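Enquirer: The structure follows.
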Amino acid sequence: MREHLDQTDRRLVKLLSQDAQLGVNRLAEKMAISVPTVRMRLRNLLDRNLLKIVGLLNLTERPELISAIVGINAQGRGRARELAQRISELPFVNSASVVTGRFDIIVDVTVAGDVADLYRITSELIPGAGIPGEVVRSETFVVMASCNKWVSLPEGCWSEETPARKEPT
C-alpha cells in the first residue's frame, strides 16, 4: 500500500522540486529544522524510492528531440499494470501509466531526432513488451508544441550506445 508523506517530507520534496541544487544546510534553514534531520529524511525518501533527484531538460527548447504520447489498448484486463511496467523499461520511454478512458495505457516517449526510432518503438518494441496479442491497438500522438514540458532523458536518447535492435524473423 502506498503511504502518504508527512508534512515535513512534503515540504522537503516541494523545496527540492523548485530547486534541486539546494544543499542540506540551505534546506534545513528554509525548513527551520536541523541538518541531520534533513539528511535523514532525504536519505529515507531516496532509499524508499519515493524521491529521485535528476536534471530535467526543457523539451520545448530542444528541436532535435521528438516527443510523443502513445495510447494503448490491451487485452487481458487485470494485467495492464504488468504490461505498463514492462513498457516503462523500454528505451526512449519516459513513463507508462494505466489510465481510464479510451486507452488502457498511456506511454510518454522521447526520441532524439530520428522518426525511425519512434516508428520502431510503436511498431516493434511496445507490441513486443506484451505476450502475442496482448497489445491490441495503439495510437501515436506526436507532440507538435508543448508548454512547460520538462523531461529526464530516457535510456536511448543521446547515448553512445544505440539500444539493441530487434532482428527481423
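Chain identifiers are assigned as A, B, and so on, following the order in which chains appear in the C-alpha cells; residues are numbered from 1 within each chain, and ligands are numbered from 1 in order of appearance.
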Residues near Val54 (chain A), anyone? I mean within 12 Å using only C-alpha atoms, not counting same-chain ones fewer than 4 positions away, as a ChimeraX atom specification.
Expert: /A:16-17,19-21,46,150-154
Enquirer: Residues as selected, all heavy atoms, written as a PDB file, in the first residue's frame, can you do that?
Expert:
```
ATOM      1  N   LEU A  16      12.781  20.871  -3.015  1.00  0.00           N
ATOM      2  CA  LEU A  16      13.684  20.265  -3.998  1.00  0.00           C
ATOM      3  C   LEU A  16      13.101  20.305  -5.402  1.00  0.00           C
ATOM      4  O   LEU A  16      13.843  20.405  -6.372  1.00  0.00           O
ATOM      5  CB  LEU A  16      14.012  18.820  -3.596  1.00  0.00           C
ATOM      6  CG  LEU A  16      14.964  18.696  -2.415  1.00  0.00           C
ATOM      7  CD1 LEU A  16      15.012  17.261  -1.921  1.00  0.00           C
ATOM      8  CD2 LEU A  16      16.353  19.200  -2.774  1.00  0.00           C
ATOM      9  N   SER A  17      11.782  20.229  -5.523  1.00  0.00           N
ATOM     10  CA  SER A  17      11.175  20.303  -6.857  1.00  0.00           C
ATOM     11  C   SER A  17      11.284  21.717  -7.426  1.00  0.00           C
ATOM     12  O   SER A  17      11.271  21.898  -8.638  1.00  0.00           O
ATOM     13  CB  SER A  17       9.717  19.839  -6.824  1.00  0.00           C
ATOM     14  OG  SER A  17       8.920  20.752  -6.123  1.00  0.00           O
ATOM     15  N   ASP A  19      13.982  23.745  -6.593  1.00  0.00           N
ATOM     16  CA  ASP A  19      15.413  23.933  -6.836  1.00  0.00           C
ATOM     17  C   ASP A  19      16.169  22.744  -6.262  1.00  0.00           C
ATOM     18  O   ASP A  19      16.469  22.703  -5.068  1.00  0.00           O
ATOM     19  CB  ASP A  19      15.900  25.232  -6.184  1.00  0.00           C
ATOM     20  CG  ASP A  19      17.369  25.519  -6.470  1.00  0.00           C
ATOM     21  OD1 ASP A  19      18.040  24.702  -7.136  1.00  0.00           O
ATOM     22  OD2 ASP A  19      17.862  26.569  -6.012  1.00  0.00           O
ATOM     23  N   ALA A  20      16.496  21.778  -7.113  1.00  0.00           N
ATOM     24  CA  ALA A  20      17.169  20.555  -6.669  1.00  0.00           C
ATOM     25  C   ALA A  20      18.623  20.795  -6.289  1.00  0.00           C
ATOM     26  O   ALA A  20      19.277  19.900  -5.771  1.00  0.00           O
ATOM     27  CB  ALA A  20      17.080  19.490  -7.755  1.00  0.00           C
ATOM     28  N   GLN A  21      19.126  22.002  -6.530  1.00  0.00           N
ATOM     29  CA  GLN A  21      20.508  22.296  -6.192  1.00  0.00           C
ATOM     30  C   GLN A  21      20.679  22.790  -4.758  1.00  0.00           C
ATOM     31  O   GLN A  21      21.802  23.001  -4.316  1.00  0.00           O
ATOM     32  CB  GLN A  21      21.067  23.344  -7.156  1.00  0.00           C
ATOM     33  CG  GLN A  21      21.166  22.831  -8.577  1.00  0.00           C
ATOM     34  CD  GLN A  21      21.832  23.846  -9.484  1.00  0.00           C
ATOM     35  OE1 GLN A  21      22.954  24.268  -9.238  1.00  0.00           O
ATOM     36  NE2 GLN A  21      21.132  24.236 -10.530  1.00  0.00           N
ATOM     37  N   LEU A  46      14.978   8.827  -0.599  1.00  0.00           N
ATOM     38  CA  LEU A  46      15.741   8.241  -1.704  1.00  0.00           C
ATOM     39  C   LEU A  46      15.801   6.722  -1.586  1.00  0.00           C
ATOM     40  O   LEU A  46      15.571   6.013  -2.569  1.00  0.00           O
ATOM     41  CB  LEU A  46      17.155   8.828  -1.740  1.00  0.00           C
ATOM     42  CG  LEU A  46      17.264  10.315  -2.108  1.00  0.00           C
ATOM     43  CD1 LEU A  46      18.657  10.845  -1.790  1.00  0.00           C
ATOM     44  CD2 LEU A  46      16.908  10.552  -3.550  1.00  0.00           C
ATOM     45  N   TRP A 150       9.077  19.398 -19.147  1.00  0.00           N
ATOM     46  CA  TRP A 150      10.424  19.098 -18.682  1.00  0.00           C
ATOM     47  C   TRP A 150      10.555  17.589 -18.570  1.00  0.00           C
ATOM     48  O   TRP A 150       9.677  16.928 -18.022  1.00  0.00           O
ATOM     49  CB  TRP A 150      10.681  19.739 -17.322  1.00  0.00           C
ATOM     50  CG  TRP A 150      10.721  21.231 -17.390  1.00  0.00           C
ATOM     51  CD1 TRP A 150       9.650  22.087 -17.413  1.00  0.00           C
ATOM     52  CD2 TRP A 150      11.879  22.046 -17.464  1.00  0.00           C
ATOM     53  NE1 TRP A 150      10.085  23.377 -17.495  1.00  0.00           N
ATOM     54  CE2 TRP A 150      11.449  23.394 -17.520  1.00  0.00           C
ATOM     55  CE3 TRP A 150      13.246  21.769 -17.484  1.00  0.00           C
ATOM     56  CZ2 TRP A 150      12.340  24.447 -17.592  1.00  0.00           C
ATOM     57  CZ3 TRP A 150      14.128  22.827 -17.552  1.00  0.00           C
ATOM     58  CH2 TRP A 150      13.672  24.157 -17.612  1.00  0.00           C
ATOM     59  N   VAL A 151      11.636  17.032 -19.101  1.00  0.00           N
ATOM     60  CA  VAL A 151      11.812  15.582 -19.077  1.00  0.00           C
ATOM     61  C   VAL A 151      13.217  15.195 -18.623  1.00  0.00           C
ATOM     62  O   VAL A 151      14.177  15.930 -18.829  1.00  0.00           O
ATOM     63  CB  VAL A 151      11.544  14.941 -20.459  1.00  0.00           C
ATOM     64  CG1 VAL A 151      10.107  15.148 -20.897  1.00  0.00           C
ATOM     65  CG2 VAL A 151      12.504  15.446 -21.513  1.00  0.00           C
ATOM     66  N   SER A 152      13.279  14.043 -18.034  1.00  0.00           N
ATOM     67  CA  SER A 152      14.544  13.384 -17.787  1.00  0.00           C
ATOM     68  C   SER A 152      14.741  12.484 -19.006  1.00  0.00           C
ATOM     69  O   SER A 152      13.838  11.728 -19.360  1.00  0.00           O
ATOM     70  CB  SER A 152      14.430  12.549 -16.508  1.00  0.00           C
ATOM     71  OG  SER A 152      15.583  11.788 -16.321  1.00  0.00           O
ATOM     72  N   LEU A 153      15.848  12.607 -19.675  1.00  0.00           N
ATOM     73  CA  LEU A 153      16.038  11.833 -20.903  1.00  0.00           C
ATOM     74  C   LEU A 153      16.012  10.340 -20.616  1.00  0.00           C
ATOM     75  O   LEU A 153      16.738   9.858 -19.752  1.00  0.00           O
ATOM     76  CB  LEU A 153      17.352  12.202 -21.576  1.00  0.00           C
ATOM     77  CG  LEU A 153      17.389  13.551 -22.269  1.00  0.00           C
ATOM     78  CD1 LEU A 153      18.754  13.774 -22.907  1.00  0.00           C
ATOM     79  CD2 LEU A 153      16.300  13.675 -23.304  1.00  0.00           C
ATOM     80  N   PRO A 154      15.187   9.602 -21.344  1.00  0.00           N
ATOM     81  CA  PRO A 154      15.142   8.159 -21.138  1.00  0.00           C
ATOM     82  C   PRO A 154      16.348   7.475 -21.770  1.00  0.00           C
ATOM     83  O   PRO A 154      17.046   8.063 -22.596  1.00  0.00           O
ATOM     84  CB  PRO A 154      13.849   7.750 -21.853  1.00  0.00           C
ATOM     85  CG  PRO A 154      13.669   8.782 -22.915  1.00  0.00           C
ATOM     86  CD  PRO A 154      14.227  10.053 -22.348  1.00  0.00           C
TER      87      PRO A 154
END
```
Enquirer: Once DSSP has gone over the backbone, tell me which residues of region 2-149 of chain A are in strand (DSSP E), as a VMD selection string.
Expert: chain A and resid 57 to 58 65 to 74 93 to 98 105 to 112 135 to 142
Enquirer: Please provide the set of residues having any atom within 10 Å of region 109-123 of chain A, restricted to only C-alpha atoms, with same-chain residues fewer than 4 positions apart removed, written as an MDAnalysis selection string.
Expert: chainID A and resid 59 62:70 72 87:88 90:96 127:128 138:140 142:143 151:159 165:166
Enquirer: Would you mind reading off the distance between CA of Leu15 (chain A) and CA of Ser97 (chain A), one decimal, in Å?
Expert: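 CA of Leu15 (chain A) sits 25.8 Å away from CA of Ser97 (chain A).
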Enquirer: Mind checking which residues fall within 9 Å of Gly130 (chain A), counting only C-alpha atoms, ignoring those fewer than 4 positions away in the same chain, and posting them as number ranges by chain?
Expert: A: 74, 83, 86-87, 126, 134-135
Enquirer: Please write the residues from the selection above to a file, keeping N, CA and C atoms, as a PDB file, in the first residue's frame.
Expert:
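Saved as part_30.pdb:
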```pdb
ATOM      1  N   ALA A  74      -5.101  -2.752 -24.499  1.00  0.00           N
ATOM      2  CA  ALA A  74      -4.516  -4.043 -24.166  1.00  0.00           C
ATOM      3  C   ALA A  74      -5.594  -5.091 -23.892  1.00  0.00           C
ATOM      4  N   LEU A  83       1.925  -4.984 -17.876  1.00  0.00           N
ATOM      5  CA  LEU A  83       2.326  -4.575 -19.221  1.00  0.00           C
ATOM      6  C   LEU A  83       2.929  -3.176 -19.190  1.00  0.00           C
ATOM      7  N   ARG A  86       6.497  -3.310 -17.966  1.00  0.00           N
ATOM      8  CA  ARG A  86       7.432  -3.789 -18.998  1.00  0.00           C
ATOM      9  C   ARG A  86       7.694  -2.702 -20.042  1.00  0.00           C
ATOM     10  N   ILE A  87       6.639  -1.994 -20.439  1.00  0.00           N
ATOM     11  CA  ILE A  87       6.795  -0.914 -21.424  1.00  0.00           C
ATOM     12  C   ILE A  87       7.660   0.205 -20.856  1.00  0.00           C
ATOM     13  N   ILE A 126       6.970  -1.690 -28.293  1.00  0.00           N
ATOM     14  CA  ILE A 126       5.778  -1.709 -27.428  1.00  0.00           C
ATOM     15  C   ILE A 126       4.957  -2.978 -27.645  1.00  0.00           C
ATOM     16  N   GLU A 134      -1.468  -9.276 -26.835  1.00  0.00           N
ATOM     17  CA  GLU A 134      -1.808  -8.502 -25.634  1.00  0.00           C
ATOM     18  C   GLU A 134      -1.999  -7.022 -25.963  1.00  0.00           C
ATOM     19  N   VAL A 135      -1.135  -6.471 -26.816  1.00  0.00           N
ATOM     20  CA  VAL A 135      -1.324  -5.103 -27.294  1.00  0.00           C
ATOM     21  C   VAL A 135      -2.213  -5.202 -28.523  1.00  0.00           C
TER      22      VAL A 135
END
```
Enquirer: Could you work out how far CA of Leu56 (chain A) lies from CA of Val107 (chain A), giving the answer in Å with one decimal?
Expert: 18.3 Å
Enquirer: Rank nothing, just name the residue among A:Glu61, A:Gly78, A:Thr100, A:Leu12 nearest to Thr37 (chain A), using only C-alpha atoms.
Expert: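 The closest residue to Thr37 (chain A) is A:Leu12.
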Enquirer: Within 10 Å of Arg41 (chain A), counting only C-alpha atoms, which residues qualify if same-chain residues fewer than 6 places away don't, as a list in words?
Expert: Thr8, Asp9, Leu12, Val35 and Asp47 of chain A
Enquirer: Store the residues of this selection in a file with N, CA, C and O atoms, as a PDB file, in the first residue's frame.
Expert:
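Final output, saved to part.pdb:
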```pdb
ATOM      1  N   THR A   8       6.443  17.353   6.814  1.00  0.00           N
ATOM      2  CA  THR A   8       7.863  17.709   6.687  1.00  0.00           C
ATOM      3  C   THR A   8       8.449  17.144   5.394  1.00  0.00           C
ATOM      4  O   THR A   8       9.156  17.848   4.660  1.00  0.00           O
ATOM      5  N   ASP A   9       8.146  15.877   5.099  1.00  0.00           N
ATOM      6  CA  ASP A   9       8.641  15.293   3.850  1.00  0.00           C
ATOM      7  C   ASP A   9       8.045  15.984   2.634  1.00  0.00           C
ATOM      8  O   ASP A   9       8.730  16.220   1.640  1.00  0.00           O
ATOM      9  N   LEU A  12       9.921  19.184   2.162  1.00  0.00           N
ATOM     10  CA  LEU A  12      11.257  18.902   1.634  1.00  0.00           C
ATOM     11  C   LEU A  12      11.186  18.623   0.133  1.00  0.00           C
ATOM     12  O   LEU A  12      11.946  19.188  -0.663  1.00  0.00           O
ATOM     13  N   VAL A  35      20.088  20.087  10.333  1.00  0.00           N
ATOM     14  CA  VAL A  35      20.745  19.500   9.172  1.00  0.00           C
ATOM     15  C   VAL A  35      20.693  17.966   9.234  1.00  0.00           C
ATOM     16  O   VAL A  35      20.348  17.322   8.231  1.00  0.00           O
ATOM     17  N   ASP A  47      16.082   6.214  -0.393  1.00  0.00           N
ATOM     18  CA  ASP A  47      16.189   4.769  -0.176  1.00  0.00           C
ATOM     19  C   ASP A  47      14.875   4.043  -0.435  1.00  0.00           C
ATOM     20  O   ASP A  47      14.866   2.907  -0.899  1.00  0.00           O
TER      21      ASP A  47
END
```
Enquirer: So which residues touch Thr60 (chain A) within 7 Å, counting only C-alpha atoms, skipping near sequence neighbours fewer than 5 positions away, as a PyMOL selection string?
Expert: chain A and resi 146-147+149
